[in-house]
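A.B. asks: Below is one structure. I have some questions about it.
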Amino acid sequence: MHTHILPEKLPNFAEKFGYGDFIHLVHHKPGFARMMKGEKFFREIEANCWDPDLRIAEYEQHGTDAQVVCTVPVMFSYWAKPADCLELSRFLNDHIAGLAADYPKRYLGLGTIPMQDARLAIKELQRCKEIGLLGVQIGSNINDKNLSEPEFFPIFEACQELGMAVFVHPWNMMGFHSMEKYWLPWLVGMPAETSRAICSMIFSGVFERLPGLRVNFAHAGGAFLPTLGRVEHGYRCRPDLVAIDNDKPPSHYLGKFWVDCITHDIKMLKFILDLVGPNRVTLGSDYPFPLGDLTIGKFIEESDLPAKQIQAIFRDNTLAWLGLAE
Ligand code: CO
């Protein structure tokens, strides 16, 4: 339920809109492309980032039947003018919806919405539902604003109302420019970002006020679950700082949201299952990117977890998160 995809060809939005470091693709040799952020090289991608049949051939080797796909977070472009971000989002969403329609047994889709403008975000959220997407992927912060900000609440409310699942993915990592060496934005910044998102949603009362909202957090919730003891203690020792908008402790929300299983470590995964419960961990891979689990759950299959638990992670829990459970 956590895989990324791009259209093979992207319009040159920077040229079209006349500003901004929108991502464009340079196909410099067969099967390879450079993602360019303006003039700056961002990441090399391969055909499995855009070719649906090649993806199927690859993921079948690991016993996967279907992927939930969403865009690459760098595409969110929340920094852009809202109308331009809407246009970009519509382009990406139409691509993913088309894929899900062409391969109904193979791909399920999540959209992207212009979070910097709640009115346009809700408008595109509604359209996402109409074109068959099952939810949306959003960033862990919106232009450095936390998900606790009241301006985002109507978007979450609309997700609950429409039954659209939410996938929160780290991006725009805090401290990025002060720790670029050693890939620290990905290794340190991303887990911190996801914890920032979970704490923001708990402390501001999003889960309290929207009990029907189905949210899944990337990378097993990042740093949140491993540091829950500290967060819980913080809530108890300084309620004047922490419990100002919601008087329930963070631990109250364990089991109320989902996390993916991308831990690369069975001991950590068992600890997380213990915390959030057997029905709240879903099979994610971060395919096709190298920091993901590219053997797609092999470490879980080879573990001593009961078969029933493995099936829940591999299938049932994702269906429940997406609202597809029978
Ligand atoms: Co990812």
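The way I read the labels, and the way they are meant: chains A, B, ... in the order of the structure tokens, residue 1 as the first residue of every chain, and ligand 1 as the first ligand shown, with later ones counted on from there.
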So that I can see what lies close to A:Asn12, please list as an NGL selection string the residues with an atom at most 12 Å from it, counting only C-alpha atoms and leaving out residues fewer than 3 positions away in the same chain.
C.D. replies: :A and (9 or 15-26 or 35-38 or 88)
A.B. asks: Residues at most 9 Å from stretch 228-232 of chain A, counting only C-alpha atoms, excluding those fewer than 3 positions away in the same chain, as a tab-separated table (two decimals) with all heavy atoms, in the first residue's frame?
C.D. replies:
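In the end it all went to result.tsv:
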```tsv
chain	number	residue	atom	x	y	z
A	199	CYS	N	2.05	13.45	16.00
A	199	CYS	CA	1.87	14.27	17.21
A	199	CYS	C	0.94	15.45	16.92
A	199	CYS	O	0.06	15.77	17.73
A	199	CYS	CB	3.22	14.79	17.71
A	199	CYS	SG	4.22	13.51	18.50
A	223	ALA	N	9.49	8.00	13.75
A	223	ALA	CA	10.03	7.99	15.11
A	223	ALA	C	8.94	7.96	16.18
A	223	ALA	O	9.25	7.85	17.37
A	223	ALA	CB	10.92	9.22	15.31
A	224	PHE	N	7.68	8.06	15.77
A	224	PHE	CA	6.63	8.22	16.78
A	224	PHE	C	6.54	7.03	17.74
A	224	PHE	O	6.61	7.19	18.96
A	224	PHE	CB	5.26	8.46	16.13
A	224	PHE	CG	4.15	8.57	17.15
A	224	PHE	CD1	4.01	9.73	17.90
A	224	PHE	CD2	3.28	7.52	17.38
A	224	PHE	CE1	3.01	9.84	18.86
A	224	PHE	CE2	2.27	7.62	18.34
A	224	PHE	CZ	2.14	8.78	19.09
A	225	LEU	N	6.36	5.83	17.21
A	225	LEU	CA	6.12	4.68	18.10
A	225	LEU	C	7.35	4.35	18.94
A	225	LEU	O	7.21	4.13	20.15
A	225	LEU	CB	5.61	3.48	17.29
A	225	LEU	CG	4.20	3.71	16.71
A	225	LEU	CD1	3.86	2.65	15.67
A	225	LEU	CD2	3.14	3.77	17.80
A	235	TYR	N	3.40	14.54	27.72
A	235	TYR	CA	1.99	14.90	27.89
A	235	TYR	C	1.62	14.96	29.38
A	235	TYR	O	0.89	15.86	29.82
A	235	TYR	CB	1.12	13.88	27.14
A	235	TYR	CG	-0.33	13.83	27.59
A	235	TYR	CD1	-1.27	14.68	27.04
A	235	TYR	CD2	-0.72	12.92	28.58
A	235	TYR	CE1	-2.58	14.64	27.47
A	235	TYR	CE2	-2.03	12.88	29.01
A	235	TYR	CZ	-2.96	13.74	28.46
A	235	TYR	OH	-4.25	13.70	28.89
A	236	ARG	N	2.16	14.00	30.17
A	236	ARG	CA	1.80	13.95	31.59
A	236	ARG	C	2.53	14.99	32.43
A	236	ARG	O	1.96	15.55	33.36
A	236	ARG	CB	2.05	12.54	32.15
A	236	ARG	CG	1.14	11.52	31.50
A	236	ARG	CD	1.11	10.18	32.22
A	236	ARG	NE	0.36	9.21	31.41
A	236	ARG	CZ	-0.97	9.16	31.31
A	236	ARG	NH1	-1.72	10.01	31.98
A	236	ARG	NH2	-1.55	8.28	30.52
A	237	CYS	N	3.82	15.25	32.10
A	237	CYS	CA	4.57	16.16	32.96
A	237	CYS	C	4.38	17.62	32.59
A	237	CYS	O	4.54	18.49	33.44
A	237	CYS	CB	6.07	15.78	33.01
A	237	CYS	SG	7.00	16.18	31.54
A	249	PRO	N	-4.50	11.35	26.37
A	249	PRO	CA	-3.07	11.05	26.16
A	249	PRO	C	-2.80	10.42	24.79
A	249	PRO	O	-3.70	9.79	24.22
A	249	PRO	CB	-2.75	10.05	27.28
A	249	PRO	CG	-4.06	9.41	27.59
A	249	PRO	CD	-5.12	10.45	27.36
A	250	PRO	N	-1.59	10.59	24.29
A	250	PRO	CA	-1.24	10.01	22.98
A	250	PRO	C	-1.54	8.52	22.89
A	250	PRO	O	-2.02	8.02	21.87
A	250	PRO	CB	0.27	10.26	22.86
A	250	PRO	CG	0.59	11.32	23.84
A	250	PRO	CD	-0.48	11.36	24.88
A	251	SER	N	-1.29	7.80	23.98
A	251	SER	CA	-1.49	6.34	23.95
A	251	SER	C	-2.95	5.97	23.69
A	251	SER	O	-3.25	4.88	23.21
A	251	SER	CB	-1.04	5.71	25.27
A	251	SER	OG	-1.74	6.30	26.34
```
A.B. asks: Just the number, please: distance in Å from atom CA of A:Ser303 to atom CA of A:Met268, one decimal.
C.D. replies: 12.3 Å
A.B. asks: Name each residue within 8 Å of ligand 1, counting only C-alpha atoms and all ligand atoms, as number ranges by chain.
C.D. replies: A: 2-4, 72-73, 169-170, 218-219, 285-287, 289, 292
A.B. asks: Stretch 183-196 of chain A: which residues within 9 Å, counting only C-alpha atoms, same-chain residues fewer than 6 positions away excluded, as a PyMOL selection string?
C.D. replies: chain A and resi 140-141+146-147+168-177+217-225+227+291
A.B. asks: For the structure I just gave you, how does DSSP split stretch 213-295 of chain A - specifically, which residues are helix (DSSP H, G or I)? Reply as a PyMOL selection string.
C.D. replies: chain A and resi 219-221+225-237+239-242+250-253+266-276
A.B. asks: Using only C-alpha atoms, which residues sit within 7 Å of A:Asn216 once same-chain residues fewer than 4 positions away are excluded, as a PyMOL selection string?
C.D. replies: chain A and resi 166-168+257-259
A.B. asks: Next, dump the selected residues to file, keeping only C-alpha atoms, as a compact mmCIF listing (two decimals), in the first residue's frame.
C.D. replies:
```txt
# COMPACT_ATOMS: atom_id res chain seq x y z
CA VAL A 166 -5.37 9.37 3.98
CA PHE A 167 -1.73 8.36 3.63
CA VAL A 168 0.74 10.69 5.37
CA PHE A 257 -4.61 4.85 12.92
CA TRP A 258 -2.63 2.55 10.61
CA VAL A 259 1.10 2.39 9.90
```
A.B. asks: So what do you get for atom CA of A:Ile142 versus atom CA of A:Asn93, distance-wise?
C.D. replies: 19.1 Å
A.B. asks: Would you mind listing what lies within 12 Å of stretch 211-214 of chain A as a PyMOL selection string, with only C-alpha atoms counted and same-chain residues fewer than 3 positions away left out?
C.D. replies: chain A and resi 134-137+153+155-168+201-202+205-208+217+253+255-259+280+317-324
A.B. asks: Just want the 12 Å neighbourhood of A:Phe91, counted on only C-alpha atoms, with same-chain residues fewer than 3 positions away dropped. Output as a ChimeraX atom specification.
C.D. replies: /A:6-7,9-11,13,71,75-76,84-88,94-98,111-113,124,128
A.B. asks: Can those selected residues be exported to a file as a short mmCIF file (atom, residue, chain, number, x, y, z; two decimals), in the first residue's frame so that it contains C-alpha atoms?
C.D. replies:
```
data_model
loop_
_atom_site.label_atom_id
_atom_site.label_comp_id
_atom_site.auth_asym_id
_atom_site.auth_seq_id
_atom_site.Cartn_x
_atom_site.Cartn_y
_atom_site.Cartn_z
CA LEU A 6 5.02 8.70 -12.10
CA PRO A 7 3.68 9.21 -15.60
CA LYS A 9 6.09 11.96 -19.52
CA LEU A 10 5.51 15.08 -17.47
CA PRO A 11 4.67 18.44 -19.00
CA PHE A 13 5.26 22.88 -15.69
CA THR A 71 2.89 9.96 -6.61
CA MET A 75 5.61 16.17 -6.72
CA PHE A 76 3.28 17.61 -4.01
CA ASP A 84 -1.07 25.70 -10.60
CA CYS A 85 -0.70 23.01 -7.94
CA LEU A 86 -4.30 22.02 -8.67
CA GLU A 87 -3.50 21.65 -12.36
CA LEU A 88 -0.43 19.53 -11.60
CA ASP A 94 -5.85 11.40 -13.94
CA HIS A 95 -2.78 9.30 -14.71
CA ILE A 96 -3.20 7.13 -11.60
CA ALA A 97 -6.98 6.83 -12.05
CA GLY A 98 -6.41 5.73 -15.65
CA GLY A 111 -4.43 11.07 -5.32
CA THR A 112 -2.62 14.26 -4.43
CA ILE A 113 -4.37 17.53 -3.57
CA GLU A 124 -9.91 17.94 -6.04
CA CYS A 128 -10.47 12.04 -6.90
#
```
A.B. asks: What lies within 7 Å of A:Ile266 using only C-alpha atoms, ignoring chain neighbours under 3 positions off, as a PyMOL selection string?
C.D. replies: chain A and resi 269-270+299-300
A.B. asks: Running DSSP on the backbone, which parts of stretch 20-262 of chain A land in strand (DSSP E), as JSON, numbers by chain?
C.D. replies: {"A": [23, 24, 25, 26, 27, 28, 29, 32, 33, 34, 35, 36, 37, 40, 41, 42, 43, 44, 45, 46, 67, 68, 69, 70, 107, 108, 109, 110, 111, 135, 136, 137, 138, 139, 165, 166, 167, 168, 169, 215, 216, 217, 258, 259, 260]}
A.B. asks: Quick one, how far is atom CA of A:Tyr107 from atom CA of A:Asp260?
C.D. replies: 17.7 Å
A.B. asks: A:Cys261, A:Ala197, A:Leu92, A:Val74: which is nearest A:Glu8, counting only C-alpha atoms?
C.D. replies: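 Ranked by minimum distance to A:Glu8, first place goes to A:Leu92.
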